[in-house]
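Colleague: What follows is my_file.cif, made up of mmCIF, C-alpha atoms:
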```cif
data_coords
loop_
_atom_site.label_atom_id
_atom_site.label_comp_id
_atom_site.auth_asym_id
_atom_site.auth_seq_id
_atom_site.Cartn_x
_atom_site.Cartn_y
_atom_site.Cartn_z
CA MET A 14 -111.00 -57.20 -111.17
CA SER A 15 -114.69 -56.41 -111.55
CA ASN A 16 -116.84 -53.43 -112.40
CA SER A 17 -119.01 -52.59 -109.39
CA SER A 18 -120.69 -49.38 -110.64
CA GLY A 19 -124.31 -48.92 -109.66
CA ASP A 20 -125.47 -49.13 -113.27
CA ALA A 21 -123.48 -52.26 -114.11
CA ASP A 22 -126.61 -54.39 -114.26
CA ALA A 23 -127.82 -52.30 -117.20
CA LEU A 24 -124.68 -53.11 -119.18
CA ILE A 25 -123.82 -56.22 -121.21
CA HIS A 26 -121.58 -58.43 -119.05
CA ILE A 27 -118.39 -59.60 -120.74
CA LEU A 28 -115.81 -61.98 -119.29
CA TYR A 29 -112.30 -61.24 -120.56
CA ILE A 30 -109.90 -64.17 -120.12
CA ASP A 31 -106.26 -63.00 -120.49
CA ASP A 32 -103.10 -63.09 -118.37
CA ASP A 33 -102.30 -59.43 -119.15
CA GLU A 34 -103.80 -57.22 -116.40
CA GLY A 35 -102.82 -53.99 -118.13
CA LEU A 36 -104.66 -54.98 -121.30
CA ALA A 37 -107.61 -56.06 -119.17
CA LEU A 38 -107.79 -52.59 -117.61
CA LEU A 39 -107.68 -51.02 -121.06
CA MET A 40 -110.37 -53.39 -122.27
CA GLN A 41 -112.59 -52.56 -119.31
CA LYS A 42 -112.21 -48.81 -119.80
CA ASN A 43 -112.87 -48.77 -123.55
CA LEU A 44 -115.69 -51.30 -123.69
CA ARG A 45 -117.56 -49.63 -120.84
CA ARG A 46 -117.93 -46.53 -123.01
CA ARG A 47 -119.60 -48.77 -125.57
CA GLY A 48 -122.15 -50.32 -123.19
CA PHE A 49 -120.21 -53.33 -121.85
CA SER A 50 -119.25 -54.26 -118.31
CA VAL A 51 -115.99 -56.25 -118.34
CA GLU A 52 -114.84 -58.75 -115.74
CA TRP A 53 -111.28 -60.08 -115.90
CA ALA A 54 -110.10 -63.62 -115.37
CA GLU A 55 -106.32 -64.09 -115.47
CA SER A 56 -106.39 -67.81 -116.30
CA GLY A 57 -108.49 -70.45 -117.97
CA ALA A 58 -109.39 -72.03 -114.63
CA ALA A 59 -110.50 -68.68 -113.17
CA GLY A 60 -112.54 -67.98 -116.29
CA LEU A 61 -114.30 -71.34 -116.19
CA ALA A 62 -115.05 -70.89 -112.50
CA ARG A 63 -116.60 -67.47 -113.17
CA LEU A 64 -118.66 -68.81 -116.04
CA GLY A 65 -119.96 -71.49 -113.73
CA GLU A 66 -121.45 -68.78 -111.51
CA GLY A 67 -123.57 -67.44 -114.39
CA GLY A 68 -124.47 -63.89 -115.36
CA ILE A 69 -121.99 -63.60 -118.25
CA ASP A 70 -123.42 -62.55 -121.62
CA ALA A 71 -120.32 -63.12 -123.78
CA VAL A 72 -116.68 -64.17 -123.48
CA LEU A 73 -113.59 -62.54 -124.97
CA LEU A 74 -110.89 -65.22 -124.91
CA ASP A 75 -107.22 -64.49 -125.55
CA HIS A 76 -105.05 -67.01 -127.40
CA ILE A 77 -101.82 -66.81 -125.36
CA LEU A 78 -102.28 -67.51 -121.65
CA ALA A 79 -99.82 -68.47 -118.95
CA GLY A 80 -98.95 -72.11 -119.53
CA GLU A 81 -101.84 -72.72 -121.96
CA THR A 82 -103.70 -71.31 -124.93
CA GLY A 83 -107.26 -70.23 -125.47
CA LEU A 84 -107.70 -73.32 -127.66
CA ASP A 85 -107.25 -75.41 -124.49
CA ILE A 86 -110.02 -73.49 -122.73
CA LEU A 87 -112.47 -73.02 -125.61
CA PRO A 88 -113.77 -76.65 -125.69
CA CYS A 89 -114.48 -76.45 -121.95
CA ILE A 90 -116.55 -73.31 -122.50
CA THR A 91 -118.52 -74.68 -125.46
CA ALA A 92 -119.21 -77.88 -123.52
CA MET A 93 -121.18 -75.88 -120.96
CA PRO A 94 -124.96 -76.00 -121.42
CA GLU A 95 -126.28 -72.76 -122.94
CA HIS A 96 -122.79 -71.27 -122.91
CA PRO A 97 -122.35 -67.60 -123.88
CA PRO A 98 -120.89 -66.73 -127.29
CA VAL A 99 -117.09 -66.56 -127.47
CA ILE A 100 -114.97 -64.04 -129.39
CA TYR A 101 -111.44 -65.40 -129.86
CA ALA A 102 -108.62 -62.80 -129.80
CA THR A 103 -104.93 -63.11 -130.66
CA GLY A 104 -102.05 -60.91 -131.72
CA SER A 105 -100.94 -63.47 -134.31
CA ASP A 106 -102.05 -63.23 -137.93
CA ASP A 107 -101.70 -67.01 -138.34
CA THR A 108 -104.96 -67.99 -140.03
CA SER A 109 -104.69 -71.56 -138.76
CA ILE A 110 -105.41 -70.24 -135.24
CA ALA A 111 -108.59 -68.58 -136.48
CA VAL A 112 -109.69 -71.76 -138.26
CA ALA A 113 -109.01 -73.88 -135.16
CA ALA A 114 -110.92 -71.45 -132.92
CA LEU A 115 -113.96 -71.33 -135.19
CA LYS A 116 -113.98 -75.12 -135.52
CA ALA A 117 -113.84 -75.41 -131.73
CA GLY A 118 -116.99 -73.29 -131.39
CA ALA A 119 -115.90 -69.65 -131.29
CA ASP A 120 -118.48 -67.25 -132.70
CA ASP A 121 -115.93 -64.87 -134.15
CA TYR A 122 -112.21 -64.13 -134.37
CA MET A 123 -110.39 -60.82 -133.81
CA LEU A 124 -106.78 -59.62 -134.17
CA LYS A 125 -105.83 -57.79 -130.99
CA GLY A 126 -105.16 -54.05 -130.94
CA ILE A 127 -105.42 -50.99 -128.72
CA SER A 128 -106.74 -48.35 -131.11
CA ALA A 129 -110.20 -46.80 -130.92
CA ASP A 130 -111.08 -48.53 -134.18
CA TYR A 131 -110.19 -51.89 -132.65
CA PHE A 132 -112.56 -51.39 -129.74
CA ASP A 133 -115.30 -50.26 -132.12
CA LEU A 134 -114.83 -53.45 -134.17
CA LEU A 135 -114.71 -55.54 -131.01
CA ALA A 136 -117.96 -54.00 -129.71
CA ALA A 137 -119.62 -54.67 -133.07
CA ALA A 138 -118.38 -58.29 -133.03
CA LEU A 139 -119.71 -58.77 -129.51
CA GLU A 140 -123.12 -57.33 -130.44
CA GLN A 141 -123.32 -59.56 -133.51
CA ALA A 142 -122.34 -62.62 -131.49
CA LEU A 143 -124.98 -61.80 -128.89
CA GLU A 144 -127.60 -61.33 -131.62
CA ARG A 145 -126.72 -64.73 -133.12
CA ALA A 146 -126.90 -66.33 -129.68
CA ARG A 147 -130.30 -64.71 -129.08
CA PHE A 148 -131.51 -66.02 -132.43
CA ARG A 149 -130.30 -69.54 -131.59
CA ARG A 150 -132.08 -69.43 -128.23
CA GLU A 151 -135.33 -68.19 -129.73
CA THR A 152 -135.11 -70.79 -132.51
CA ALA A 153 -134.49 -73.57 -129.98
CA GLN A 154 -137.41 -72.37 -127.86
CA ALA A 155 -139.69 -72.24 -130.90
CA GLN A 156 -138.58 -75.73 -131.94
CA GLU A 157 -139.28 -77.00 -128.44
CA VAL A 158 -142.78 -75.52 -128.52
CA ILE A 159 -143.35 -77.12 -131.93
CA ARG A 160 -142.05 -80.46 -130.63
CA GLN A 161 -144.36 -80.33 -127.62
CA GLN A 162 -147.35 -79.43 -129.80
CA ARG A 163 -146.45 -82.22 -132.24
CA ASP A 164 -146.14 -84.75 -129.39
CA LEU A 165 -149.51 -83.64 -128.03
CA ALA A 166 -151.13 -83.90 -131.49
CA GLU A 167 -149.64 -87.37 -131.98
CA MET A 168 -150.88 -88.46 -128.56
CA LEU A 169 -154.39 -87.17 -129.30
CA LEU A 170 -154.37 -88.80 -132.74
CA ALA A 171 -153.24 -92.09 -131.21
CA GLU A 172 -156.11 -91.88 -128.76
CA VAL A 173 -158.54 -91.18 -131.62
CA ASN A 174 -157.25 -94.21 -133.52
CA HIS A 175 -157.55 -96.30 -130.36
CA ARG A 176 -161.16 -95.25 -129.88
CA ILE A 177 -162.00 -95.83 -133.55
CA ALA A 178 -160.45 -99.30 -133.45
CA ASN A 179 -162.41 -100.13 -130.28
CA SER A 180 -165.66 -98.82 -131.77
CA LEU A 181 -165.19 -100.79 -134.98
CA GLY A 182 -164.35 -103.84 -132.91
CA LEU A 183 -167.62 -103.39 -131.04
CA VAL A 184 -169.53 -103.11 -134.33
CA GLY A 185 -167.84 -106.29 -135.54
CA ALA A 186 -168.82 -108.08 -132.35
CA LEU A 187 -172.45 -106.97 -132.74
CA ILE A 188 -172.48 -108.28 -136.32
CA ARG A 189 -171.02 -111.57 -135.12
CA MET A 190 -173.75 -111.85 -132.49
CA GLN A 191 -176.38 -111.07 -135.11
CA SER A 192 -175.05 -113.76 -137.45
CA SER A 193 -175.13 -116.32 -134.65
CA MET A 194 -178.87 -115.66 -134.22
CA THR A 195 -179.63 -115.95 -137.95
CA LYS A 196 -180.65 -119.21 -139.66
CA ASP A 197 -180.48 -117.99 -143.25
CA GLN A 198 -177.09 -119.05 -144.65
CA VAL A 199 -177.08 -116.26 -147.24
CA ALA A 200 -177.60 -113.69 -144.49
CA ILE A 201 -174.95 -115.37 -142.34
CA ASP A 202 -172.42 -115.18 -145.20
CA ALA A 203 -173.30 -111.55 -145.89
CA LEU A 204 -172.88 -110.60 -142.23
CA HIS A 205 -169.62 -112.50 -142.05
CA GLU A 206 -168.25 -110.65 -145.09
CA THR A 207 -169.37 -107.34 -143.62
CA GLN A 208 -167.49 -108.22 -140.46
CA MET A 209 -164.36 -108.90 -142.54
CA ARG A 210 -164.65 -105.49 -144.19
CA ILE A 211 -165.02 -103.75 -140.85
CA ASN A 212 -162.03 -105.66 -139.53
CA ALA A 213 -159.92 -104.51 -142.51
CA ILE A 214 -160.59 -100.90 -141.50
CA ALA A 215 -160.22 -101.48 -137.75
CA SER A 216 -156.88 -103.19 -138.28
CA VAL A 217 -155.44 -100.00 -139.80
CA HIS A 218 -156.45 -97.94 -136.78
CA ARG A 219 -155.09 -100.55 -134.37
CA ARG A 220 -151.76 -100.42 -136.18
CA LEU A 221 -151.71 -96.63 -136.11
CA TYR A 222 -152.36 -96.72 -132.37
CA THR A 223 -149.95 -99.50 -131.39
CA ASN A 224 -147.09 -98.26 -133.59
CA ARG A 225 -147.64 -94.56 -132.77
CA GLN A 226 -147.59 -93.80 -136.49
CA VAL A 227 -149.12 -90.63 -137.89
CA GLY A 228 -150.66 -90.56 -141.33
CA SER A 229 -149.04 -93.66 -142.81
CA VAL A 230 -148.91 -97.43 -142.36
CA GLN A 231 -146.31 -99.98 -143.45
CA VAL A 232 -148.15 -102.17 -145.94
CA ASP A 233 -146.35 -105.47 -145.31
CA GLU A 234 -146.95 -105.38 -141.55
CA TYR A 235 -150.57 -104.35 -141.96
CA LEU A 236 -151.38 -107.04 -144.54
CA ASN A 237 -149.63 -109.69 -142.49
CA SER A 238 -151.86 -108.86 -139.52
CA LEU A 239 -155.00 -108.56 -141.66
CA LEU A 240 -154.46 -111.82 -143.57
CA THR A 241 -153.58 -113.75 -140.40
CA GLU A 242 -156.90 -112.70 -138.89
CA LEU A 243 -158.73 -113.41 -142.16
CA GLU A 244 -157.30 -116.91 -142.45
CA ALA A 245 -158.07 -117.70 -138.82
CA SER A 246 -161.67 -116.55 -139.36
CA MET A 247 -162.36 -118.36 -142.64
CA ARG A 248 -160.27 -121.52 -142.45
CA ASP A 249 -162.19 -124.64 -141.49
CA ASP A 250 -162.57 -128.28 -142.59
CA LYS A 251 -164.55 -127.21 -145.65
CA ARG A 252 -161.99 -124.54 -146.61
CA PRO A 253 -158.59 -125.69 -145.32
CA HIS A 254 -156.70 -123.07 -147.33
CA ARG A 255 -153.50 -121.20 -146.56
CA ILE A 256 -152.66 -117.56 -147.29
CA VAL A 257 -149.06 -116.80 -148.23
CA LEU A 258 -147.94 -113.16 -148.16
CA THR A 259 -144.85 -111.82 -149.93
CA ALA A 260 -144.58 -108.07 -149.47
CA GLN A 261 -141.96 -105.35 -149.55
CA PRO A 262 -141.90 -102.75 -146.73
CA VAL A 263 -143.68 -99.79 -148.28
CA ASN A 264 -145.38 -96.96 -146.37
CA LEU A 265 -148.73 -95.65 -147.62
CA ALA A 266 -151.11 -92.96 -146.44
CA THR A 267 -153.75 -94.21 -144.03
CA ASP A 268 -156.76 -93.78 -146.31
CA LYS A 269 -154.98 -95.55 -149.16
CA VAL A 270 -154.04 -98.46 -146.90
CA ILE A 271 -157.68 -98.84 -145.83
CA THR A 272 -158.73 -98.96 -149.48
CA LEU A 273 -155.99 -101.47 -150.29
CA GLY A 274 -156.97 -103.59 -147.29
CA LEU A 275 -160.60 -103.73 -148.45
CA ILE A 276 -159.53 -104.78 -151.95
CA VAL A 277 -157.20 -107.52 -150.71
CA SER A 278 -159.81 -108.70 -148.21
CA GLU A 279 -162.45 -109.01 -150.95
CA LEU A 280 -160.14 -110.90 -153.29
CA VAL A 281 -158.88 -113.28 -150.62
CA THR A 282 -162.41 -113.90 -149.34
CA ASN A 283 -163.55 -114.75 -152.87
CA ALA A 284 -160.61 -117.13 -153.28
CA PHE A 285 -161.45 -118.83 -149.98
CA LYS A 286 -165.06 -119.28 -151.04
CA TYR A 287 -164.80 -120.21 -154.70
CA ALA A 288 -161.25 -121.15 -155.81
CA TYR A 289 -161.08 -124.75 -154.57
CA PRO A 290 -163.56 -127.61 -154.11
CA ASP A 291 -164.90 -128.24 -150.62
CA SER A 292 -162.45 -129.95 -148.27
CA VAL A 293 -159.58 -129.56 -150.76
CA SER A 294 -156.77 -127.41 -149.44
CA GLY A 295 -155.26 -124.73 -151.62
CA GLU A 296 -152.86 -121.83 -151.48
CA ILE A 297 -153.86 -118.20 -151.85
CA ARG A 298 -150.93 -115.90 -152.55
CA VAL A 299 -150.78 -112.17 -151.93
CA ILE A 300 -147.77 -110.41 -153.47
CA VAL A 301 -146.88 -106.75 -152.96
CA ASP A 302 -143.90 -105.21 -154.71
CA GLN A 303 -142.70 -101.81 -155.79
CA THR A 304 -141.93 -101.21 -159.45
CA ASP A 305 -140.37 -97.84 -160.27
CA GLU A 306 -142.91 -95.31 -158.95
CA ALA A 307 -145.83 -97.71 -158.63
CA LEU A 308 -147.07 -100.32 -156.20
CA ARG A 309 -148.26 -103.64 -157.60
CA VAL A 310 -150.52 -105.96 -155.61
CA ILE A 311 -151.33 -109.47 -156.83
CA VAL A 312 -153.82 -111.92 -155.34
CA GLU A 313 -153.72 -115.33 -157.00
CA ASP A 314 -154.64 -118.97 -156.53
CA ASP A 315 -154.35 -122.25 -158.45
CA GLY A 316 -158.04 -123.07 -158.32
CA ALA A 317 -160.95 -123.27 -160.73
CA GLY A 318 -160.42 -119.84 -162.26
CA PHE A 319 -162.71 -116.86 -162.58
CA ASP A 320 -164.40 -115.25 -165.56
CA PRO A 321 -165.10 -111.59 -164.69
CA SER A 322 -167.75 -111.44 -167.43
CA SER A 323 -169.79 -114.26 -165.87
CA PRO A 324 -172.75 -113.51 -163.54
CA ALA A 325 -171.91 -112.90 -159.88
CA ARG A 326 -172.09 -116.00 -157.70
CA GLY A 327 -173.44 -114.05 -154.74
CA THR A 328 -175.05 -110.66 -154.36
CA GLY A 329 -172.44 -108.92 -156.50
CA LEU A 330 -171.65 -106.48 -153.69
CA GLY A 331 -168.03 -107.65 -153.53
CA THR A 332 -167.50 -106.88 -157.22
CA ARG A 333 -169.00 -103.41 -156.81
CA ILE A 334 -166.77 -102.77 -153.80
CA LEU A 335 -163.70 -103.88 -155.75
CA THR A 336 -164.58 -101.62 -158.68
CA ALA A 337 -165.21 -98.61 -156.46
CA MET A 338 -162.08 -99.11 -154.32
CA ALA A 339 -159.83 -99.63 -157.35
CA ALA A 340 -161.22 -96.46 -158.94
CA SER A 341 -160.56 -94.46 -155.77
CA LEU A 342 -156.88 -95.44 -155.98
CA LYS A 343 -156.81 -94.40 -159.67
CA SER A 344 -155.38 -97.84 -160.31
CA ASP A 345 -155.17 -100.35 -163.10
CA PHE A 346 -157.09 -103.44 -161.97
CA ALA A 347 -157.40 -106.55 -164.10
CA TYR A 348 -157.67 -110.34 -164.06
CA ASP A 349 -155.07 -112.38 -165.94
CA PRO A 350 -156.94 -114.69 -168.35
CA GLY A 351 -153.81 -116.72 -169.01
CA HIS A 352 -153.24 -117.69 -165.39
CA ASP A 353 -154.02 -121.27 -164.36
CA GLY A 354 -156.48 -120.32 -161.64
CA THR A 355 -157.39 -116.76 -160.69
CA LYS A 356 -154.91 -113.89 -160.70
CA ALA A 357 -155.99 -110.31 -159.99
CA THR A 358 -153.45 -107.49 -160.33
CA LEU A 359 -153.77 -103.97 -158.97
CA VAL A 360 -151.23 -101.28 -159.90
CA PHE A 361 -151.30 -97.67 -158.71
CA SER A 362 -148.92 -94.74 -158.50
CA LEU A 363 -147.02 -94.25 -155.26
CA HIS A 364 -146.99 -90.49 -155.85
CA GLU A 365 -150.77 -90.38 -155.75
CA ALA A 366 -150.92 -92.90 -152.91
CA LYS A 367 -148.92 -90.89 -150.42
#
```
Would you mind giving the structure from this file in structure tokens?
Modeller:
Amino acid sequence: MSNSSGDADALIHILYIDDDEGLALLMQKNLRRRGFSVEWAESGAAGLARLGEGGIDAVLLDHILAGETGLDILPCITAMPEHPPVIYATGSDDTSIAVAALKAGADDYMLKGISADYFDLLAAALEQALERARFRRETAQAQEVIRQQRDLAEMLLAEVNHRIANSLGLVGALIRMQSSMTKDQVAIDALHETQMRINAIASVHRRLYTNRQVGSVQVDEYLNSLLTELEASMRDDKRPHRIVLTAQPVNLATDKVITLGLIVSELVTNAFKYAYPDSVSGEIRVIVDQTDEALRVIVEDDGAGFDPSSPARGTGLGTRILTAMAASLKSDFAYDPGHDGTKATLVFSLHEAK
């Protein structure tokens, strides 16, 4: 049975699945007055076949069918992609049926009747179900647009990080070329340290690009990469030292990681240069752990020790960089005078670091 009136396309199309043809005729007559066009399917199989053709706005599903129940059909309907909302109808006042129907995906539940009030309530339930379905569709579409825009932004940001890393790598290469053409050892050392600082920043952007991260970097992975490169660059017969990293996996905001990388790079570079006598191997330890709401970073060695009140051994630029970077993190930075060697500790709040 179908409604073939010329204005049917202007109506809301309802599929009524029930084995009672007389009730289907009554449903069609009364709902049409309320703006609905009703098609009848006498079985679950016929209803599913009609739904597969499309063009149905909502489903009214009866509980008792020939040889089956609506609860047998309901999961098949809700498994369909973008299925229409389903109103579940039964003559039984057994609340367990209503609970089962709603759990299976029905939008609403109605006790069957034939009065004018029943059809008014049914029309209202159908309109509410259609409104909820429209809201879900619009929400899903909006979320999809947001997801696409986010993916595009992440792709563009990854490309920016890639370009920054490449540009910084080029600057580092130019500095390396300049140092190879310089005879002054002080200038060579200064250029080499500048290259290390640039590398500490470039390494963050490389990690952001390769890991497709946005806005944050995992500290342990970043420091492992940075310190591996630093050791490979500085280790030679005169300074046969090893860097040992022990770090917990903690995520920090990009700018904070850059600052932390510069601090660690300065401290480790100083340890490489000054902690141990020439040609004597030593260990330089970097420890990162989380304590309550703070991050603690320790760089230590077992070498000659360091008196922060003594005059700078070089230009003093490294000390000024350390002071400025530690201040930017709003951190507590101090040397441990009781340590046998040099031990620098940096502690800063994770709340401020994110």
Colleague: Any idea what the distance is between atom CA of A:Lys125 and atom CA of A:Ala62?
Modeller: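 Separation between atom CA of A:Lys125 and atom CA of A:Ala62: 24.5 Å.
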Colleague: Name the residues that the PyMOL selection byres ((chain A and resi 242) around 12) pulls out of this structure, and write them as an mmCIF file with C-alpha atoms, in the coordinates of the input.
Modeller:
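Contents of part04.cif, as written:
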```cif
data_model
loop_
_atom_site.group_PDB
_atom_site.id
_atom_site.type_symbol
_atom_site.label_atom_id
_atom_site.label_comp_id
_atom_site.auth_asym_id
_atom_site.auth_seq_id
_atom_site.Cartn_x
_atom_site.Cartn_y
_atom_site.Cartn_z
ATOM 1 C CA GLN A 208 -167.490 -108.220 -140.460
ATOM 2 C CA MET A 209 -164.360 -108.900 -142.540
ATOM 3 C CA ARG A 210 -164.650 -105.490 -144.190
ATOM 4 C CA ASN A 212 -162.030 -105.660 -139.530
ATOM 5 C CA ALA A 213 -159.920 -104.510 -142.510
ATOM 6 C CA ALA A 215 -160.220 -101.480 -137.750
ATOM 7 C CA SER A 216 -156.880 -103.190 -138.280
ATOM 8 C CA TYR A 235 -150.570 -104.350 -141.960
ATOM 9 C CA LEU A 236 -151.380 -107.040 -144.540
ATOM 10 C CA ASN A 237 -149.630 -109.690 -142.490
ATOM 11 C CA SER A 238 -151.860 -108.860 -139.520
ATOM 12 C CA LEU A 239 -155.000 -108.560 -141.660
ATOM 13 C CA LEU A 240 -154.460 -111.820 -143.570
ATOM 14 C CA THR A 241 -153.580 -113.750 -140.400
ATOM 15 C CA LEU A 243 -158.730 -113.410 -142.160
ATOM 16 C CA GLU A 244 -157.300 -116.910 -142.450
ATOM 17 C CA ALA A 245 -158.070 -117.700 -138.820
ATOM 18 C CA SER A 246 -161.670 -116.550 -139.360
ATOM 19 C CA MET A 247 -162.360 -118.360 -142.640
ATOM 20 C CA ARG A 248 -160.270 -121.520 -142.450
ATOM 21 C CA ARG A 255 -153.500 -121.200 -146.560
ATOM 22 C CA ILE A 256 -152.660 -117.560 -147.290
ATOM 23 C CA SER A 278 -159.810 -108.700 -148.210
ATOM 24 C CA VAL A 281 -158.880 -113.280 -150.620
ATOM 25 C CA THR A 282 -162.410 -113.900 -149.340
#
```
Colleague: Could you expand the PyMOL selection byres ((chain A and resi 202) around 12) into the explicit residues it covers here, written as a list of chain:residue names?
Modeller: A:Ile188, A:Arg189, A:Gln191, A:Ser192, A:Ser193, A:Thr195, A:Lys196, A:Asp197, A:Gln198, A:Val199, A:Ala200, A:Ile201, A:Ala203, A:Leu204, A:His205, A:Glu206, A:Thr207, A:Gln208, A:Met209, A:Met247, A:Thr282, A:Asn283, A:Lys286, A:Gly327, A:Thr328
Colleague: Once the PyMOL selection byres ((chain A and resi 77) around 12) has been evaluated on this model, what residues remain selected, and can you format them as a short mmCIF file (atom, residue, chain, number, x, y, z; two decimals) with C-alpha atoms, in the frame of the given file?
Modeller:
```
data_model
loop_
_atom_site.label_atom_id
_atom_site.label_comp_id
_atom_site.auth_asym_id
_atom_site.auth_seq_id
_atom_site.Cartn_x
_atom_site.Cartn_y
_atom_site.Cartn_z
CA ILE A 30 -109.90 -64.17 -120.12
CA ASP A 31 -106.26 -63.00 -120.49
CA ASP A 32 -103.10 -63.09 -118.37
CA ASP A 33 -102.30 -59.43 -119.15
CA GLU A 55 -106.32 -64.09 -115.47
CA SER A 56 -106.39 -67.81 -116.30
CA GLY A 57 -108.49 -70.45 -117.97
CA LEU A 74 -110.89 -65.22 -124.91
CA ASP A 75 -107.22 -64.49 -125.55
CA HIS A 76 -105.05 -67.01 -127.40
CA LEU A 78 -102.28 -67.51 -121.65
CA ALA A 79 -99.82 -68.47 -118.95
CA GLY A 80 -98.95 -72.11 -119.53
CA GLU A 81 -101.84 -72.72 -121.96
CA THR A 82 -103.70 -71.31 -124.93
CA GLY A 83 -107.26 -70.23 -125.47
CA LEU A 84 -107.70 -73.32 -127.66
CA ASP A 85 -107.25 -75.41 -124.49
CA ILE A 86 -110.02 -73.49 -122.73
CA TYR A 101 -111.44 -65.40 -129.86
CA ALA A 102 -108.62 -62.80 -129.80
CA THR A 103 -104.93 -63.11 -130.66
CA GLY A 104 -102.05 -60.91 -131.72
CA SER A 105 -100.94 -63.47 -134.31
CA ILE A 110 -105.41 -70.24 -135.24
CA LYS A 125 -105.83 -57.79 -130.99
#
```
Colleague: Find the residues near A:His175: any atom within 7 Å, counting all atoms listed in the file, skip ones fewer than 4 places away on the same chain, and give them as a VMD selection string.
Modeller: chain A and resid 171 179 218 to 219 222
Colleague: For stretch 201-219 of chain A, where the input has fewer atoms than it should, I would like N, CA and C atoms rebuilt and written as a PDB file, keeping the file's coordinate frame.
Modeller:
```pdb
ATOM      1  N   ILE A 201    -176.125-115.094-143.170  1.00  0.00           N
ATOM      2  CA  ILE A 201    -174.950-115.370-142.340  1.00  0.00           C
ATOM      3  C   ILE A 201    -173.675-115.020-143.106  1.00  0.00           C
ATOM      4  N   ASP A 202    -173.599-115.464-144.376  1.00  0.00           N
ATOM      5  CA  ASP A 202    -172.420-115.180-145.200  1.00  0.00           C
ATOM      6  C   ASP A 202    -172.254-113.681-145.422  1.00  0.00           C
ATOM      7  N   ALA A 203    -173.371-112.995-145.664  1.00  0.00           N
ATOM      8  CA  ALA A 203    -173.300-111.550-145.890  1.00  0.00           C
ATOM      9  C   ALA A 203    -172.818-110.816-144.641  1.00  0.00           C
ATOM     10  N   LEU A 204    -173.321-111.225-143.480  1.00  0.00           N
ATOM     11  CA  LEU A 204    -172.880-110.600-142.230  1.00  0.00           C
ATOM     12  C   LEU A 204    -171.408-110.900-141.958  1.00  0.00           C
ATOM     13  N   HIS A 205    -171.010-112.116-142.269  1.00  0.00           N
ATOM     14  CA  HIS A 205    -169.620-112.500-142.050  1.00  0.00           C
ATOM     15  C   HIS A 205    -168.680-111.670-142.940  1.00  0.00           C
ATOM     16  N   GLU A 206    -169.063-111.454-144.195  1.00  0.00           N
ATOM     17  CA  GLU A 206    -168.250-110.650-145.090  1.00  0.00           C
ATOM     18  C   GLU A 206    -168.218-109.190-144.652  1.00  0.00           C
ATOM     19  N   THR A 207    -169.336-108.704-144.154  1.00  0.00           N
ATOM     20  CA  THR A 207    -169.370-107.340-143.620  1.00  0.00           C
ATOM     21  C   THR A 207    -168.411-107.204-142.440  1.00  0.00           C
ATOM     22  N   GLN A 208    -168.406-108.231-141.594  1.00  0.00           N
ATOM     23  CA  GLN A 208    -167.490-108.220-140.460  1.00  0.00           C
ATOM     24  C   GLN A 208    -166.036-108.182-140.922  1.00  0.00           C
ATOM     25  N   MET A 209    -165.712-108.912-141.994  1.00  0.00           N
ATOM     26  CA  MET A 209    -164.360-108.900-142.540  1.00  0.00           C
ATOM     27  C   MET A 209    -163.984-107.516-143.047  1.00  0.00           C
ATOM     28  N   ARG A 210    -164.925-106.842-143.670  1.00  0.00           N
ATOM     29  CA  ARG A 210    -164.650-105.490-144.190  1.00  0.00           C
ATOM     30  C   ARG A 210    -164.405-104.508-143.048  1.00  0.00           C
ATOM     31  N   ILE A 211    -165.208-104.616-142.021  1.00  0.00           N
ATOM     32  CA  ILE A 211    -165.020-103.750-140.850  1.00  0.00           C
ATOM     33  C   ILE A 211    -163.668-104.025-140.205  1.00  0.00           C
ATOM     34  N   ASN A 212    -163.301-105.287-140.139  1.00  0.00           N
ATOM     35  CA  ASN A 212    -162.030-105.660-139.530  1.00  0.00           C
ATOM     36  C   ASN A 212    -160.853-105.092-140.338  1.00  0.00           C
ATOM     37  N   ALA A 213    -160.987-105.058-141.676  1.00  0.00           N
ATOM     38  CA  ALA A 213    -159.920-104.510-142.510  1.00  0.00           C
ATOM     39  C   ALA A 213    -159.666-103.046-142.171  1.00  0.00           C
ATOM     40  N   ILE A 214    -160.733-102.310-141.865  1.00  0.00           N
ATOM     41  CA  ILE A 214    -160.590-100.900-141.500  1.00  0.00           C
ATOM     42  C   ILE A 214    -160.077-100.766-140.065  1.00  0.00           C
ATOM     43  N   ALA A 215    -160.635-101.558-139.154  1.00  0.00           N
ATOM     44  CA  ALA A 215    -160.220-101.480-137.750  1.00  0.00           C
ATOM     45  C   ALA A 215    -158.760-101.825-137.577  1.00  0.00           C
ATOM     46  N   SER A 216    -158.272-102.769-138.388  1.00  0.00           N
ATOM     47  CA  SER A 216    -156.880-103.190-138.280  1.00  0.00           C
ATOM     48  C   SER A 216    -155.917-102.046-138.574  1.00  0.00           C
ATOM     49  N   VAL A 217    -156.282-101.163-139.505  1.00  0.00           N
ATOM     50  CA  VAL A 217    -155.440-100.000-139.800  1.00  0.00           C
ATOM     51  C   VAL A 217    -155.338 -99.103-138.572  1.00  0.00           C
ATOM     52  N   HIS A 218    -156.462 -98.831-137.947  1.00  0.00           N
ATOM     53  CA  HIS A 218    -156.450 -97.940-136.780  1.00  0.00           C
ATOM     54  C   HIS A 218    -155.742 -98.572-135.584  1.00  0.00           C
ATOM     55  N   ARG A 219    -155.848 -99.879-135.441  1.00  0.00           N
ATOM     56  CA  ARG A 219    -155.090-100.550-134.370  1.00  0.00           C
ATOM     57  C   ARG A 219    -153.600-100.403-134.613  1.00  0.00           C
TER      58      ARG A 219
END
```
